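Trainee: A single structure is presented below for examination.
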Amino acid sequence: MSKRMRCAVLAAPLVLGACFALTGASAQSSHSCPGDNGGLSLPPGFCATVFADNLGHTRHLTVAGDGTVYVNTWSGAYFRNAPKAPEGGFLLGLKDTKGKGVADTVVRFGTPDKQGAHGGTGISLWHGYLFAEEHDTIIRYPLKPGAIAPSGPAVTVLKGLPLTGDHPMHPFVVDGNGQILVNSGSASNTCESPNRQPGAKGANPCVEAETRGGIWAYRGDREGQVFSPAQRWAKGIRNTGGLAFDATGRLFAVQHGRDQLSQNWPKLYTTEQGVERPAEILFSPFKGADYGWPTCYFDGFQNRHVLAPEYGGDGGKTQGLCAGKTPPLVAFPAHWAPNDVTIYTGHAFPLAYQGGAFVAFHGSWNRAPAPQGGYQVVFQPLKDGKPSGTWIRFADGFAGPYKEPGRALHRPAGLAVGPDGALYVADDVRGRIWRITYHGGANAALTAAAEAKVGQPSEAAAAPTALPPGISAQQVALGRAIYLGQAKGGTCLGCHGSDGKGSSAGASLVGPQYLWSDGSVDSLTKTITEGVSKPKKTSDAMPALGGAALSPADVKAVAAYVWTLGHGKP
């Protein structure tokens, strides 16, 4: 991706600060932080401690008035290939009783894995109760002042939440009046059939949208409510990664934009357009709002919704019915995967941060052949609920050497502000939580953190030292280029990793055991051609041909390269 392309987004009023945030380096702070900030790069004056570590797949978190941090962890379908879930339930209460910035008391509770639980994402506090997502329900625990663990058993507030398809997570918030606003993410990419296949048309009407792709409203003070289409509160939201209120009660949310414009519609979109579109967005949903999914997507370069190709779109030229969709507040680079948002309601950070939004980007899998992006926390200044400046890179370095789903050391998944103004960031790879504090002047200007240096997939994907029988080096080279997303719209890298060892979305390809083949080029070719509709050890299905427009020769080349991942690597 060229520097010119990165800066082009500044032409759109909503897409703020992308050049600075992606390429700028911060000045060095005169304040010295103890330790190494848990591996994070932060703006001058900010320090981080590792508040807790190795907790499981920590997702969203919330902080009580006494400083107790409550976390929901998840080891369900998304983490089928991960180690065994921890004993004692998926919910945690953590507290720093010694004032050292580290949790010295950790209590685990909730339904354990051995009773069939898998944990969840959403978690919230309201009127002495802790609410949490568990499987297809939202449950409620009573809390007593001063106690970390609940004082009684959970009751089911809402049941029947959809779990199938691409987005089974249910982030939610509870407002001051006890209303629960809960996400139901889409089961598909764009309500097309078959899902994620080149040229597939979108369903019209989209029956899926009756229960997916929006926000639903329920009551926190009622029990036994059942999820239904009737309670839909806002629509056209493909997948809400997180929701948060500001001090006035305004709601904010972030969305995962759609995928595979250039892979599935190569005649309408260039590879570079597929990398950079559509925008990830920060928006302020309200009852009755419609953000366009599945018929529309938001193009940050044009600063408008445009018609999706599955519904007759022509590569972003035509708006059609999309002209009337609710606009977002801010657009961010495509495919960064925003997993949470929190509004800074504390007073410990500089004045420039007051009322602004922190966004945790979990990280992309599908920006090839450009480098993968996200894997960081950014800050967007707001005033009276509207953008008041450019967004900056606030915390980087989570991923470590490689920004890939399967190789990242950490991926930001949850955010919360404590009563003392500290910012907490949760990671769902190794279960680390950072506590970020400020030690500078109140009037400090917004300054971006230095960009963390990472390796590139091509560096990790070393050329093979052995070839399959009857396969030429040229065929393997083509397969390698497709695998890495450097040719033919290949998407293998995103799920299976540059080293072929897999991720939560794609199984390991290096053997010696294979899930769907005997490891030969012919059997791998068959698996790639047919796809995998019901995966055995990962969360995501693999569409036929990997969702790309591959010829039989292309498929055989990919299969040949995959063979080399488990044979003769240096």
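Labeling convention for the structure tokens: chains A, B, ... as they appear, residues from 1 per chain, ligands from 1 in order of appearance.
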Near region 370-385 of chain A, within 8 Å and counting only C-alpha atoms, which residues show up once chain neighbours fewer than 6 positions away are dropped, as number ranges by chain?

Mentor: A: 1, 250, 275, 335-337, 352-364, 391-399, 403-404, 410-412, 456

Trainee: Counting only C-alpha atoms, which residues of region 386-489 of chain A sit at most 8 Å from some atom of region 555-565 of chain A, and what is each one's closest atom pair with its distance in Å to one decimal, listed by chain and rising residue number, as JSON lines?

Mentor:
```
{"residue": "A:Pro464", "atom": "CA", "partner": "A:Thr564", "partner_atom": "CA", "distance": 6.0}
{"residue": "A:Ala466", "atom": "CA", "partner": "A:Thr564", "partner_atom": "CA", "distance": 6.7}
{"residue": "A:Leu467", "atom": "CA", "partner": "A:Thr564", "partner_atom": "CA", "distance": 6.5}
{"residue": "A:Pro468", "atom": "CA", "partner": "A:Ala560", "partner_atom": "CA", "distance": 6.5}
{"residue": "A:Ile471", "atom": "CA", "partner": "A:Ala560", "partner_atom": "CA", "distance": 7.2}
{"residue": "A:Gln475", "atom": "CA", "partner": "A:Ala557", "partner_atom": "CA", "distance": 5.1}
{"residue": "A:Val476", "atom": "CA", "partner": "A:Tyr561", "partner_atom": "CA", "distance": 5.0}
{"residue": "A:Ala477", "atom": "CA", "partner": "A:Tyr561", "partner_atom": "CA", "distance": 7.5}
{"residue": "A:Leu478", "atom": "CA", "partner": "A:Ala557", "partner_atom": "CA", "distance": 6.1}
{"residue": "A:Gly479", "atom": "CA", "partner": "A:Val558", "partner_atom": "CA", "distance": 3.9}
{"residue": "A:Arg480", "atom": "CA", "partner": "A:Tyr561", "partner_atom": "CA", "distance": 5.7}
{"residue": "A:Ile482", "atom": "CA", "partner": "A:Val558", "partner_atom": "CA", "distance": 6.7}
{"residue": "A:Tyr483", "atom": "CA", "partner": "A:Val558", "partner_atom": "CA", "distance": 6.4}
```

Trainee: Restrict the selected residues to N, CA and C atoms and save them as a PDB file, in the first residue's frame.

Mentor:
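The file below, part37.pdb, is the result:
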```
ATOM      1  N   PRO A 464      10.485 -23.065   0.178  1.00  0.00           N
ATOM      2  CA  PRO A 464      10.641 -24.472   0.562  1.00  0.00           C
ATOM      3  C   PRO A 464      11.941 -25.063   0.039  1.00  0.00           C
ATOM      4  N   ALA A 466      12.022 -28.472  -0.397  1.00  0.00           N
ATOM      5  CA  ALA A 466      11.625 -29.719  -1.059  1.00  0.00           C
ATOM      6  C   ALA A 466      10.378 -29.440  -1.881  1.00  0.00           C
ATOM      7  N   LEU A 467      10.196 -30.189  -2.957  1.00  0.00           N
ATOM      8  CA  LEU A 467       9.038 -30.028  -3.828  1.00  0.00           C
ATOM      9  C   LEU A 467       8.225 -31.312  -3.851  1.00  0.00           C
ATOM     10  N   PRO A 468       6.909 -31.212  -4.016  1.00  0.00           N
ATOM     11  CA  PRO A 468       6.093 -32.421  -4.140  1.00  0.00           C
ATOM     12  C   PRO A 468       6.431 -33.171  -5.421  1.00  0.00           C
ATOM     13  N   ILE A 471       5.799 -31.773  -9.257  1.00  0.00           N
ATOM     14  CA  ILE A 471       5.464 -30.354  -9.177  1.00  0.00           C
ATOM     15  C   ILE A 471       6.726 -29.534  -9.405  1.00  0.00           C
ATOM     16  N   GLN A 475       5.391 -23.736 -10.142  1.00  0.00           N
ATOM     17  CA  GLN A 475       4.053 -23.953  -9.596  1.00  0.00           C
ATOM     18  C   GLN A 475       4.010 -23.606  -8.109  1.00  0.00           C
ATOM     19  N   VAL A 476       5.020 -24.036  -7.371  1.00  0.00           N
ATOM     20  CA  VAL A 476       5.058 -23.740  -5.939  1.00  0.00           C
ATOM     21  C   VAL A 476       5.181 -22.235  -5.715  1.00  0.00           C
ATOM     22  N   ALA A 477       5.953 -21.558  -6.545  1.00  0.00           N
ATOM     23  CA  ALA A 477       6.109 -20.109  -6.412  1.00  0.00           C
ATOM     24  C   ALA A 477       4.772 -19.401  -6.629  1.00  0.00           C
ATOM     25  N   LEU A 478       4.004 -19.876  -7.617  1.00  0.00           N
ATOM     26  CA  LEU A 478       2.680 -19.298  -7.837  1.00  0.00           C
ATOM     27  C   LEU A 478       1.777 -19.559  -6.636  1.00  0.00           C
ATOM     28  N   GLY A 479       1.812 -20.802  -6.138  1.00  0.00           N
ATOM     29  CA  GLY A 479       0.999 -21.136  -4.978  1.00  0.00           C
ATOM     30  C   GLY A 479       1.367 -20.310  -3.762  1.00  0.00           C
ATOM     31  N   ARG A 480       2.648 -20.059  -3.583  1.00  0.00           N
ATOM     32  CA  ARG A 480       3.105 -19.234  -2.455  1.00  0.00           C
ATOM     33  C   ARG A 480       2.558 -17.818  -2.578  1.00  0.00           C
ATOM     34  N   ILE A 482      -0.149 -16.810  -4.167  1.00  0.00           N
ATOM     35  CA  ILE A 482      -1.588 -16.826  -3.896  1.00  0.00           C
ATOM     36  C   ILE A 482      -1.840 -16.985  -2.407  1.00  0.00           C
ATOM     37  N   TYR A 483      -1.119 -17.887  -1.789  1.00  0.00           N
ATOM     38  CA  TYR A 483      -1.281 -18.139  -0.346  1.00  0.00           C
ATOM     39  C   TYR A 483      -1.066 -16.860   0.458  1.00  0.00           C
TER      40      TYR A 483
END
```

Trainee: Given only C-alpha atoms as the basis, pick out the residue of A:Thr111, A:Asn264, A:Thr326, A:Ser188 nearest to Phe286 (chain A).

Mentor: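 Distance minimum relative to Phe286 (chain A) lands on A:Thr326.
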
Trainee: Taking only C-alpha atoms into account, name the residue in A:Asp522, A:Asp314, A:Glu192, A:Glu451 that is nearest to Trp265 (chain A).

Mentor: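 Smallest separation from Trp265 (chain A) among the options: A:Asp314.
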
Trainee: To one decimal place, how far is CA of Glu272 (chain A) from CA of Ala308 (chain A) in Å?

Mentor: 17.1 Å

Trainee: Please identify all polymer residues within 7 Å of Gln486 (chain A), counting only C-alpha atoms, omitting same-chain residues fewer than 3 positions from it, and present them as a PyMOL selection string.

Mentor: chain A and resi 368-369+481-482

Trainee: Please produce an output containing C-alpha atoms for each residue in the selection, written as a short mmCIF file (atom, residue, chain, number, x, y, z; two decimals), in the first residue's frame.

Mentor:
```
data_model
loop_
_atom_site.label_atom_id
_atom_site.label_comp_id
_atom_site.auth_asym_id
_atom_site.auth_seq_id
_atom_site.Cartn_x
_atom_site.Cartn_y
_atom_site.Cartn_z
CA ALA A 368 -3.15 -8.77 1.67
CA PRO A 369 -1.13 -8.02 -0.36
CA ALA A 481 2.10 -15.88 -4.01
CA ILE A 482 -1.59 -16.83 -3.90
#
```

Trainee: Please provide the set of residues having any atom within 9 Å of Val226 (chain A), restricted to only C-alpha atoms, with same-chain residues fewer than 4 positions apart removed, written as a list of chain:residue names.

Mentor: A:Val157, A:Leu158, A:Lys159, A:Gly160, A:Leu161

Trainee: Produce a file of the selected residues containing C-alpha atoms, as a short mmCIF file (atom, residue, chain, number, x, y, z; two decimals), in the first residue's frame.

Mentor:
```cif
data_model
loop_
_atom_site.label_atom_id
_atom_site.label_comp_id
_atom_site.auth_asym_id
_atom_site.auth_seq_id
_atom_site.Cartn_x
_atom_site.Cartn_y
_atom_site.Cartn_z
CA VAL A 157 -32.41 -12.13 31.85
CA LEU A 158 -32.43 -12.91 28.11
CA LYS A 159 -32.20 -16.19 26.20
CA GLY A 160 -32.25 -17.38 22.61
CA LEU A 161 -29.49 -15.14 21.22
#
```

Trainee: I'd like the contact shell of Pro162 (chain A) - 8 Å cut-off, only C-alpha atoms, skipping same-chain residues fewer than 6 positions apart - returned as a PyMOL selection string.

Mentor: chain A and resi 136+168+184+211-212

Trainee: At a cut-off of 8 Å, using only C-alpha atoms, what residues contact Met542 (chain A)? Leave out same-chain residues fewer than 2 positions from it and give the result as a PyMOL selection string.

Mentor: chain A and resi 531-533+535+540+544+546-547

Trainee: Smallest atom-to-atom distance to Pro278 (chain A): which of A:Val425, A:Val71, A:Leu307, A:Leu251, using only C-alpha atoms?

Mentor: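 Among A:Val425, A:Val71, A:Leu307, A:Leu251, it is A:Leu307 that comes nearest to Pro278 (chain A).
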
Trainee: From the list A:Asp113, A:Asp290, A:Asp427, A:Asp259, which residue is nearest Lys235 (chain A) when using only C-alpha atoms?

Mentor: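 Of A:Asp113, A:Asp290, A:Asp427, A:Asp259, the one nearest Lys235 (chain A) is A:Asp290, counting only C-alpha atoms.
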
Trainee: So that I can see what lies close to Arg435 (chain A), please list as a ChimeraX atom specification the residues with an atom at most 7 Å from it, counting only C-alpha atoms and leaving out residues fewer than 3 positions away in the same chain.

Mentor: /A:48-51,101,422-425

Trainee: Store the residues picked out above in a file with N, CA and C atoms, as a short mmCIF file (atom, residue, chain, number, x, y, z; two decimals), in the first residue's frame.

Mentor:
```cif
data_model
loop_
_atom_site.label_atom_id
_atom_site.label_comp_id
_atom_site.auth_asym_id
_atom_site.auth_seq_id
_atom_site.Cartn_x
_atom_site.Cartn_y
_atom_site.Cartn_z
N ALA A 48 2.21 2.01 31.40
CA ALA A 48 1.34 0.84 31.51
C ALA A 48 1.98 -0.20 32.41
N THR A 49 1.15 -0.86 33.18
CA THR A 49 1.56 -2.04 33.92
C THR A 49 0.73 -3.22 33.42
N VAL A 50 1.28 -4.42 33.56
CA VAL A 50 0.50 -5.62 33.28
C VAL A 50 -0.33 -5.89 34.52
N PHE A 51 -1.59 -5.53 34.45
CA PHE A 51 -2.49 -5.65 35.59
C PHE A 51 -2.74 -7.12 35.94
N GLY A 101 -0.79 -1.22 40.87
CA GLY A 101 -1.12 -1.34 39.46
C GLY A 101 -1.20 -2.76 38.96
N ALA A 422 -7.83 5.46 35.19
CA ALA A 422 -6.94 4.57 34.45
C ALA A 422 -7.72 3.87 33.34
N LEU A 423 -7.01 3.57 32.24
CA LEU A 423 -7.59 2.84 31.12
C LEU A 423 -7.12 1.40 31.16
N TYR A 424 -8.07 0.46 31.08
CA TYR A 424 -7.75 -0.97 31.05
C TYR A 424 -7.96 -1.50 29.64
N VAL A 425 -7.02 -2.34 29.19
CA VAL A 425 -7.08 -2.95 27.87
C VAL A 425 -6.92 -4.45 28.02
#
```

Trainee: A:Thr58, A:Thr491, A:Ser284, A:Ala416: which is nearest Leu550 (chain A), counting only C-alpha atoms?

Mentor: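 The shortest atom-to-atom distance to Leu550 (chain A) comes from A:Thr491.
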